[in-house]
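Participant: The following block contains the structure, expressed as structure tokens.
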Amino acid sequence: MTYSEPTDLAIVACPGGEKFADETIKHLNHIYSRRFRQKSDVLAKRYEVDRVNLVKDVNFYNDLQTSDICIRGDITKYRAPDFKVKTRFTWFMNGEVKTEILDCVRGKDVFIFQDVENHQTLELNEGKNPISLSVNDHIMSLLVTIDAVRHAGARKISLVLPVYPYSRQHKKKGREGLTASLLGHLYESLGVEQIITLDIHSREIENAFMKARIENLHASYQIIRELAKIVDLASEKDDFVVVSPDTGAIDRNKFYATGLQRPLAMLYKERDYSVITQDAKTTNISSVKLLGDVKGKVAFLADDMLGTGGTLLKAMEFLKEQGATKVIAAISLPFFTGNAIELFDEAYRKGNFYRIIGTNAVYHEELLTKEWYIKTNVSGLFAQVISRVHHDQSLSDLLDNRNIIEKLVKQDKSAEIE
Ligand code: R5P
């Protein structure tokens with residue numbers, strides 16, 4: 001393995017995960033070219049050699065390592081590795097799916113990307129069959145792809161699943177299945193060694209695994225980075241309160257309140273469990289109560305995921321009624337299921353909220369056109385994690401981002417990361 005040209009790091013994108021994989025690859029290229037530049041600068045100085053000759057030597061060393069006879073690229077420059085593995089996905093008319101791995105992945109460290117909440121129209125079968133896939137279709141295509149990669153001789157298989165599917169079925173009440181754990185067992189039985197995910201709904205899911213590891217990344221730094229552009233976080237005067245949208249989100253919001261050094265309030269919702277939530281308007285929330293004070297303040301709420309939008313819409317409307325000057329919400333996994341975007345448009349027109357900050361971990365073209373929506377990019381974070389995992393380096397400072405958030409809030413420029 002060479003540090004500058006990691007030729008055994010391979011990325012396979014399932015149809016739903018293609019956009020996120022491409023974004024992450026852009027960052028990987030950036031990371032490796034920056035490292036190459038920094039390292040060659042340091043080495044050129046240290047060994048008192050000419051930088052151009054040093055780059056040539058490094059390329060020579062890399063070329064010696066590869067078994068390829070024809071070697072591409074200019075030997076006087078940094079040569080970006082080709083991370084993406086060519087694949088062919090066939091969608092059959094009865095709904096079955098086939099994955100073919102078109103490049104060699106034998107002996108490689110393969111990262112398989114899937115975005116199970118990507119419900120955009122995908123151009124399958126070379127554009128002949130445009131289709132929107134369900135969560136279950138995406139899971140099946142993921143399983144088929146893992147199996148294809150395994151049969152193709154990969155050395156190690158990791159999954160990059162920003163959305164861990166069925167994460168809300170992590171504990172059982174009565175005669176239910178443990179679907180989050182069931183999926184974990186399926187991945188493990190297919191030889192998956194590691195899963196990289198974002199703000200997983202429940203840490204209990206980690207207990208489902210015997211061998212595989214879960215790296216649960218947090219979008220908080222990337223969210224606060226965007227928040228800092230619309231709220232003066234360094235100012236003492238700005239009246240700002242963090243509000244947990246429900247009891248389940250209290251830890252997440254306590255984290256933000258601590259990081260931002262602001263008070264924490266909480267909404268308590270009574271639910272009528274005889275009603276099944278259909279959409280944001282027909283929810284089982286029967287009444288809402290506020291613990292804390294939002295009058296005359298900017299209220300900030302954070303949630304892990306947004307489905308129908310019912311939880312958040314109700315919370316934001318209530319906070320405005322209680323006298324909040326502005327309501328801003330942050331969502332790590334913005335699904336915006338069904339007619340959710342329409343309902344947010346309506347709530348925005350009524351002045352019930354100011355902005356929604358969401359990550360690009362779920363692909364959603366329409367959201368990006370909305371004045372009220374701010375995208376924050378977490379693919380740089382995923383790229384850093386993939387590169388560090390590949391080179392067996394520590395992830396601690398990326399998993400625990402409290403220091404970097406503190407610097408960001410104080411407007412310390414050294415806090416800037418990918
Ligand atoms: C609930 O436990 C989750 O953290 C989210 O608050 C919930 O899943 C959001 O769903 P919806 O947008 O459909 O209310």
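Following the order of the structure tokens, first chain is A, next is B, and so on, with residues numbered from 1 inside each chain and ligands from 1 in the order they appear.
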Taking only C-alpha atoms and all ligand atoms and a cut-off of 8 Å, can you tell me which residues surround ligand 1, written as a ChimeraX atom specification?

Facilitator: /A:168,201,245-246,248-249,277,279-280,283,303-312,336-337

Participant: Would you output that residue set with C-alpha atoms, as a short mmCIF file (atom, residue, chain, number, x, y, z; two decimals), in the first residue's frame?

Facilitator:
```cif
data_model
loop_
_atom_site.label_atom_id
_atom_site.label_comp_id
_atom_site.auth_asym_id
_atom_site.auth_seq_id
_atom_site.Cartn_x
_atom_site.Cartn_y
_atom_site.Cartn_z
CA ARG A 168 -36.40 2.98 14.16
CA HIS A 201 -31.27 6.71 15.48
CA PRO A 245 -38.47 18.66 19.63
CA ASP A 246 -39.36 15.68 21.84
CA GLY A 248 -36.27 11.20 22.36
CA ALA A 249 -34.12 14.02 20.94
CA THR A 277 -49.44 8.81 11.49
CA ASP A 279 -48.63 12.29 6.93
CA ALA A 280 -47.56 15.50 8.64
CA THR A 283 -50.23 12.59 13.12
CA ASP A 303 -33.49 15.99 14.99
CA ASP A 304 -31.82 12.92 13.52
CA MET A 305 -34.31 12.39 10.69
CA LEU A 306 -37.27 14.02 9.05
CA GLY A 307 -39.87 11.67 7.56
CA THR A 308 -43.36 13.06 7.01
CA GLY A 309 -42.29 16.23 8.82
CA GLY A 310 -45.14 15.93 11.34
CA THR A 311 -42.87 16.06 14.42
CA LEU A 312 -41.05 19.17 13.29
CA PHE A 336 -38.90 14.56 3.31
CA THR A 337 -41.28 11.69 2.57
#
```

Participant: I'd like the contact shell of Asn129 in chain A - 12 Å cut-off, only C-alpha atoms, skipping same-chain residues fewer than 5 positions apart - returned as a list in words.

Facilitator: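 Contacts, with the query itself left out: Phe89, Thr90, Trp91, Phe92, Met93, Gly95, Thr121, Leu122, Glu123 and Leu124 of chain A.
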
Participant: Based on the selection just made, write N, CA and C atoms of those residues as a JSON list (two decimals), in the first residue's frame.

Facilitator:
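Result went into part-v9.json, see below:
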```json
[["chain", "number", "residue", "atom", "x", "y", "z"],
["A", 89, "PHE", "N", -25.65, -2.34, -13.20],
["A", 89, "PHE", "CA", -26.82, -2.77, -12.43],
["A", 89, "PHE", "C", -27.94, -3.05, -13.42],
["A", 90, "THR", "N", -28.51, -4.23, -13.33],
["A", 90, "THR", "CA", -29.65, -4.54, -14.21],
["A", 90, "THR", "C", -30.89, -4.68, -13.35],
["A", 91, "TRP", "N", -31.93, -3.99, -13.80],
["A", 91, "TRP", "CA", -33.21, -4.03, -13.10],
["A", 91, "TRP", "C", -34.16, -4.84, -13.97],
["A", 92, "PHE", "N", -34.64, -5.97, -13.44],
["A", 92, "PHE", "CA", -35.53, -6.81, -14.24],
["A", 92, "PHE", "C", -36.97, -6.39, -14.02],
["A", 93, "MET", "N", -37.79, -6.73, -15.00],
["A", 93, "MET", "CA", -39.18, -6.23, -14.97],
["A", 93, "MET", "C", -39.99, -6.79, -13.80],
["A", 95, "GLY", "N", -38.80, -6.92, -10.85],
["A", 95, "GLY", "CA", -38.28, -6.25, -9.65],
["A", 95, "GLY", "C", -36.98, -6.85, -9.13],
["A", 121, "THR", "N", -35.70, 9.69, -9.51],
["A", 121, "THR", "CA", -35.76, 8.76, -10.64],
["A", 121, "THR", "C", -34.35, 8.38, -11.04],
["A", 122, "LEU", "N", -34.07, 7.07, -11.09],
["A", 122, "LEU", "CA", -32.74, 6.59, -11.44],
["A", 122, "LEU", "C", -32.78, 6.03, -12.86],
["A", 123, "GLU", "N", -31.73, 6.31, -13.62],
["A", 123, "GLU", "CA", -31.68, 5.86, -15.01],
["A", 123, "GLU", "C", -31.12, 4.45, -15.06],
["A", 124, "LEU", "N", -31.93, 3.45, -14.77],
["A", 124, "LEU", "CA", -31.41, 2.08, -14.76],
["A", 124, "LEU", "C", -31.45, 1.49, -16.17]]
```

Participant: Quick one, how far is CA of Leu159 in chain A from CA of Gln194 in chain A?

Facilitator: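 Between these atoms lies a distance of 6.3 Å.
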
Participant: So, with only C-alpha atoms as the atoms that count, which of A:Ser387, A:Gln261, A:Ser134, A:Ser167 lies closest to Leu333 in chain A?

Facilitator: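 So, comparing all the options, the nearest one is A:Ser167.
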
Participant: May I have the residues within 12 Å of range 350-354 of chain A as an MDAnalysis selection string, using only C-alpha atoms and disregarding those fewer than 2 positions away in the same chain?

Facilitator: chainID A and resid 227 230:231 298:301 312:330 343:348 356:357 370:374

Participant: Output as a list in words all residues of range 3-129 of chain A that backbone DSSP marks as strand (DSSP E or B).

Facilitator: Leu9, Ala10, Ile11, Val12, Ala13, Lys84, Thr87, Arg88, Phe89, Thr90, Trp91, Val97, Lys98, Thr99, Glu100, Ile101, Asp109, Val110, Phe111, Ile112, Phe113, Thr121, Leu122, Glu123, Leu124 and Asn129 of chain A

Participant: Kindly export the residues of the current selection with N, CA and C atoms, as a PDB file, in the first residue's frame.

Facilitator:
```pdb
ATOM      1  N   LEU A   9      -7.660   1.002  -2.493  1.00  0.00           N
ATOM      2  CA  LEU A   9      -8.887   1.551  -1.902  1.00  0.00           C
ATOM      3  C   LEU A   9      -9.909   1.685  -3.039  1.00  0.00           C
ATOM      4  N   ALA A  10     -11.019   0.962  -2.908  1.00  0.00           N
ATOM      5  CA  ALA A  10     -11.977   0.951  -4.018  1.00  0.00           C
ATOM      6  C   ALA A  10     -13.371   1.330  -3.539  1.00  0.00           C
ATOM      7  N   ILE A  11     -14.087   2.073  -4.384  1.00  0.00           N
ATOM      8  CA  ILE A  11     -15.446   2.491  -4.032  1.00  0.00           C
ATOM      9  C   ILE A  11     -16.450   1.928  -5.032  1.00  0.00           C
ATOM     10  N   VAL A  12     -17.444   1.252  -4.492  1.00  0.00           N
ATOM     11  CA  VAL A  12     -18.513   0.710  -5.332  1.00  0.00           C
ATOM     12  C   VAL A  12     -19.788   1.452  -4.941  1.00  0.00           C
ATOM     13  N   ALA A  13     -20.460   2.041  -5.924  1.00  0.00           N
ATOM     14  CA  ALA A  13     -21.689   2.786  -5.602  1.00  0.00           C
ATOM     15  C   ALA A  13     -22.902   2.018  -6.104  1.00  0.00           C
ATOM     16  N   LYS A  84     -13.178   4.847  -8.117  1.00  0.00           N
ATOM     17  CA  LYS A  84     -14.496   4.269  -8.412  1.00  0.00           C
ATOM     18  C   LYS A  84     -14.408   3.015  -9.292  1.00  0.00           C
ATOM     19  N   THR A  87     -19.307  -0.595 -12.550  1.00  0.00           N
ATOM     20  CA  THR A  87     -20.315  -1.610 -12.221  1.00  0.00           C
ATOM     21  C   THR A  87     -21.434  -1.562 -13.249  1.00  0.00           C
ATOM     22  N   ARG A  88     -22.204  -2.628 -13.313  1.00  0.00           N
ATOM     23  CA  ARG A  88     -23.428  -2.585 -14.134  1.00  0.00           C
ATOM     24  C   ARG A  88     -24.572  -3.124 -13.282  1.00  0.00           C
ATOM     25  N   PHE A  89     -25.649  -2.337 -13.197  1.00  0.00           N
ATOM     26  CA  PHE A  89     -26.824  -2.770 -12.430  1.00  0.00           C
ATOM     27  C   PHE A  89     -27.941  -3.052 -13.422  1.00  0.00           C
ATOM     28  N   THR A  90     -28.511  -4.230 -13.331  1.00  0.00           N
ATOM     29  CA  THR A  90     -29.647  -4.544 -14.208  1.00  0.00           C
ATOM     30  C   THR A  90     -30.893  -4.678 -13.355  1.00  0.00           C
ATOM     31  N   TRP A  91     -31.926  -3.987 -13.796  1.00  0.00           N
ATOM     32  CA  TRP A  91     -33.212  -4.028 -13.098  1.00  0.00           C
ATOM     33  C   TRP A  91     -34.160  -4.839 -13.974  1.00  0.00           C
ATOM     34  N   VAL A  97     -32.933  -7.681  -9.159  1.00  0.00           N
ATOM     35  CA  VAL A  97     -31.829  -6.808  -9.533  1.00  0.00           C
ATOM     36  C   VAL A  97     -30.547  -7.622  -9.632  1.00  0.00           C
ATOM     37  N   LYS A  98     -29.659  -7.193 -10.523  1.00  0.00           N
ATOM     38  CA  LYS A  98     -28.366  -7.890 -10.654  1.00  0.00           C
ATOM     39  C   LYS A  98     -27.249  -6.845 -10.635  1.00  0.00           C
ATOM     40  N   THR A  99     -26.159  -7.150  -9.926  1.00  0.00           N
ATOM     41  CA  THR A  99     -24.995  -6.258  -9.915  1.00  0.00           C
ATOM     42  C   THR A  99     -23.809  -6.995 -10.520  1.00  0.00           C
ATOM     43  N   GLU A 100     -23.129  -6.342 -11.460  1.00  0.00           N
ATOM     44  CA  GLU A 100     -21.889  -6.914 -11.997  1.00  0.00           C
ATOM     45  C   GLU A 100     -20.744  -5.953 -11.698  1.00  0.00           C
ATOM     46  N   ILE A 101     -19.663  -6.482 -11.177  1.00  0.00           N
ATOM     47  CA  ILE A 101     -18.486  -5.665 -10.880  1.00  0.00           C
ATOM     48  C   ILE A 101     -17.570  -5.760 -12.103  1.00  0.00           C
ATOM     49  N   ASP A 109      -9.637  -3.071  -0.557  1.00  0.00           N
ATOM     50  CA  ASP A 109     -10.393  -2.586   0.589  1.00  0.00           C
ATOM     51  C   ASP A 109     -11.589  -1.839  -0.007  1.00  0.00           C
ATOM     52  N   VAL A 110     -12.746  -2.518  -0.049  1.00  0.00           N
ATOM     53  CA  VAL A 110     -13.878  -1.973  -0.809  1.00  0.00           C
ATOM     54  C   VAL A 110     -14.912  -1.306   0.110  1.00  0.00           C
ATOM     55  N   PHE A 111     -15.312  -0.088  -0.266  1.00  0.00           N
ATOM     56  CA  PHE A 111     -16.350   0.651   0.459  1.00  0.00           C
ATOM     57  C   PHE A 111     -17.570   0.715  -0.458  1.00  0.00           C
ATOM     58  N   ILE A 112     -18.681   0.122  -0.005  1.00  0.00           N
ATOM     59  CA  ILE A 112     -19.897   0.109  -0.822  1.00  0.00           C
ATOM     60  C   ILE A 112     -20.855   1.192  -0.321  1.00  0.00           C
ATOM     61  N   PHE A 113     -21.256   2.089  -1.222  1.00  0.00           N
ATOM     62  CA  PHE A 113     -22.135   3.212  -0.869  1.00  0.00           C
ATOM     63  C   PHE A 113     -23.587   2.885  -1.226  1.00  0.00           C
ATOM     64  N   THR A 121     -35.701   9.692  -9.511  1.00  0.00           N
ATOM     65  CA  THR A 121     -35.761   8.761 -10.641  1.00  0.00           C
ATOM     66  C   THR A 121     -34.346   8.376 -11.040  1.00  0.00           C
ATOM     67  N   LEU A 122     -34.073   7.066 -11.086  1.00  0.00           N
ATOM     68  CA  LEU A 122     -32.735   6.594 -11.440  1.00  0.00           C
ATOM     69  C   LEU A 122     -32.784   6.034 -12.864  1.00  0.00           C
ATOM     70  N   GLU A 123     -31.726   6.307 -13.616  1.00  0.00           N
ATOM     71  CA  GLU A 123     -31.683   5.861 -15.009  1.00  0.00           C
ATOM     72  C   GLU A 123     -31.123   4.447 -15.058  1.00  0.00           C
ATOM     73  N   LEU A 124     -31.933   3.445 -14.770  1.00  0.00           N
ATOM     74  CA  LEU A 124     -31.408   2.078 -14.763  1.00  0.00           C
ATOM     75  C   LEU A 124     -31.447   1.485 -16.170  1.00  0.00           C
ATOM     76  N   ASN A 129     -34.892   2.295 -18.463  1.00  0.00           N
ATOM     77  CA  ASN A 129     -35.967   2.118 -17.481  1.00  0.00           C
ATOM     78  C   ASN A 129     -35.832   3.090 -16.308  1.00  0.00           C
TER      79      ASN A 129
END
```

Participant: Would you mind listing what lies within 10 Å of Asn207 in chain A as a PyMOL selection string, with only C-alpha atoms counted and same-chain residues fewer than 6 positions away left out?

Facilitator: chain A and resi 181+184+213-214

Participant: Identify which of the residues A:Val243, A:His138, A:Ala383, A:Ile205 lies closest to Leu395 in chain A, counting only C-alpha atoms when measuring atom-to-atom distances.

Facilitator: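 Under the stated criterion, the closest residue is A:Ala383.
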
Participant: Which of these, A:Ala208, A:Leu186, A:Leu198, A:Val409, has the shortest distance to Lys171 in chain A once you count only C-alpha atoms?

Facilitator: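 Distance minimum relative to Lys171 in chain A lands on A:Ala208.
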
Participant: Based on the backbone DSSP call, show me all residues of range 199-377 of chain A assigned helix (DSSP H, G or I), as a VMD selection string.

Facilitator: chain A and resid 203 to 208 220 to 230 247 to 260 310 to 321 340 to 349 366 to 369

Participant: For the selection just defined, write its residues with C-alpha atoms to a file, as a PDB file, in the first residue's frame.

Facilitator:
```pdb
ATOM      1  CA  ARG A 203     -26.783   3.459  19.634  1.00  0.00           C
ATOM      2  CA  GLU A 204     -28.399   0.175  20.777  1.00  0.00           C
ATOM      3  CA  ILE A 205     -28.100  -1.052  17.179  1.00  0.00           C
ATOM      4  CA  GLU A 206     -24.346  -1.466  17.745  1.00  0.00           C
ATOM      5  CA  ASN A 207     -25.191  -4.278  20.162  1.00  0.00           C
ATOM      6  CA  ALA A 208     -26.559  -6.325  17.262  1.00  0.00           C
ATOM      7  CA  SER A 220     -23.083  18.566  14.264  1.00  0.00           C
ATOM      8  CA  TYR A 221     -19.920  20.395  13.154  1.00  0.00           C
ATOM      9  CA  GLN A 222     -21.196  20.739   9.566  1.00  0.00           C
ATOM     10  CA  ILE A 223     -24.611  21.894  10.875  1.00  0.00           C
ATOM     11  CA  ILE A 224     -23.148  24.498  13.245  1.00  0.00           C
ATOM     12  CA  ARG A 225     -20.891  25.738  10.435  1.00  0.00           C
ATOM     13  CA  GLU A 226     -24.046  26.656   8.433  1.00  0.00           C
ATOM     14  CA  LEU A 227     -25.884  27.932  11.509  1.00  0.00           C
ATOM     15  CA  ALA A 228     -22.999  30.320  12.193  1.00  0.00           C
ATOM     16  CA  LYS A 229     -23.656  31.943   8.801  1.00  0.00           C
ATOM     17  CA  ILE A 230     -27.245  32.888   9.714  1.00  0.00           C
ATOM     18  CA  THR A 247     -38.046  13.607  24.745  1.00  0.00           C
ATOM     19  CA  GLY A 248     -36.271  11.198  22.358  1.00  0.00           C
ATOM     20  CA  ALA A 249     -34.121  14.019  20.941  1.00  0.00           C
ATOM     21  CA  ILE A 250     -32.998  15.403  24.306  1.00  0.00           C
ATOM     22  CA  ASP A 251     -29.400  14.055  24.255  1.00  0.00           C
ATOM     23  CA  ARG A 252     -28.801  15.361  20.746  1.00  0.00           C
ATOM     24  CA  ASN A 253     -30.094  18.836  21.673  1.00  0.00           C
ATOM     25  CA  LYS A 254     -28.228  18.856  24.984  1.00  0.00           C
ATOM     26  CA  PHE A 255     -25.084  18.319  22.923  1.00  0.00           C
ATOM     27  CA  TYR A 256     -25.896  21.403  20.808  1.00  0.00           C
ATOM     28  CA  ALA A 257     -26.865  23.494  23.865  1.00  0.00           C
ATOM     29  CA  THR A 258     -23.557  22.595  25.559  1.00  0.00           C
ATOM     30  CA  GLY A 259     -21.497  23.193  22.420  1.00  0.00           C
ATOM     31  CA  LEU A 260     -23.187  26.520  21.680  1.00  0.00           C
ATOM     32  CA  GLY A 310     -45.137  15.928  11.345  1.00  0.00           C
ATOM     33  CA  THR A 311     -42.866  16.056  14.417  1.00  0.00           C
ATOM     34  CA  LEU A 312     -41.054  19.166  13.295  1.00  0.00           C
ATOM     35  CA  LEU A 313     -43.941  21.101  11.726  1.00  0.00           C
ATOM     36  CA  LYS A 314     -45.996  20.777  14.888  1.00  0.00           C
ATOM     37  CA  ALA A 315     -43.020  21.785  17.051  1.00  0.00           C
ATOM     38  CA  MET A 316     -42.125  24.825  14.923  1.00  0.00           C
ATOM     39  CA  GLU A 317     -45.712  26.126  14.771  1.00  0.00           C
ATOM     40  CA  PHE A 318     -46.010  25.769  18.544  1.00  0.00           C
ATOM     41  CA  LEU A 319     -42.721  27.620  19.175  1.00  0.00           C
ATOM     42  CA  LYS A 320     -43.856  30.535  17.023  1.00  0.00           C
ATOM     43  CA  GLU A 321     -47.133  30.656  18.994  1.00  0.00           C
ATOM     44  CA  ALA A 340     -43.487  16.871   3.172  1.00  0.00           C
ATOM     45  CA  ILE A 341     -41.817  19.521   0.962  1.00  0.00           C
ATOM     46  CA  GLU A 342     -45.215  20.979   0.061  1.00  0.00           C
ATOM     47  CA  LEU A 343     -46.185  21.191   3.734  1.00  0.00           C
ATOM     48  CA  PHE A 344     -42.908  22.925   4.592  1.00  0.00           C
ATOM     49  CA  ASP A 345     -43.547  25.413   1.769  1.00  0.00           C
ATOM     50  CA  GLU A 346     -46.931  26.152   3.345  1.00  0.00           C
ATOM     51  CA  ALA A 347     -45.472  26.496   6.873  1.00  0.00           C
ATOM     52  CA  TYR A 348     -42.728  28.795   5.524  1.00  0.00           C
ATOM     53  CA  ARG A 349     -45.322  31.026   3.850  1.00  0.00           C
ATOM     54  CA  GLU A 366     -36.191  19.485  -5.112  1.00  0.00           C
ATOM     55  CA  LEU A 367     -35.087  20.523  -1.616  1.00  0.00           C
ATOM     56  CA  LEU A 368     -32.060  22.293  -3.020  1.00  0.00           C
ATOM     57  CA  THR A 369     -34.287  24.711  -4.922  1.00  0.00           C
TER      58      THR A 369
END
```

Participant: List the spatial neighbours of Leu28 in chain A as a list in words - criterion: any atom at most 10 Å away, only C-alpha atoms, same-chain residues fewer than 3 positions off excluded.

Facilitator: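 Near Leu28 in chain A, the qualifying residues are Asp22, Glu23, Thr24, Ile25, Ile31, Tyr32, Ser33, Arg34, Ala80, Pro81, Phe83, Ser379, Gly380, Leu381, Phe382, Ala383, Gln384, Val385, Ile386 and Ser387 of chain A.
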
Participant: Distance CA of Arg355 in chain A-CA of Val288 in chain A, one decimal place?

Facilitator: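 CA of Val288 in chain A lies 21.8 Å from CA of Arg355 in chain A.
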
Participant: I'd like the interatomic distance between CA of Lys172 in chain A and CA of His119 in chain A, to a tenth of an Å.

Facilitator: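 Going from CA of Lys172 in chain A over to CA of His119 in chain A covers 27.9 Å.
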
Participant: Find the residues around Asn377 in chain A up to 8 Å (only C-alpha atoms counted), leave out those fewer than 5 positions away in its own chain, and share them as a ChimeraX atom specification.

Facilitator: /A:222,359-361

Participant: Generate a file of the selected residues that holds C-alpha atoms, formatted as a PDB file, in the first residue's frame.

Facilitator:
```
ATOM      1  CA  GLN A 222     -21.196  20.739   9.566  1.00  0.00           C
ATOM      2  CA  THR A 359     -27.099  17.311   5.190  1.00  0.00           C
ATOM      3  CA  ASN A 360     -26.452  15.904   1.713  1.00  0.00           C
ATOM      4  CA  ALA A 361     -26.491  12.368   3.193  1.00  0.00           C
TER       5      ALA A 361
END
```
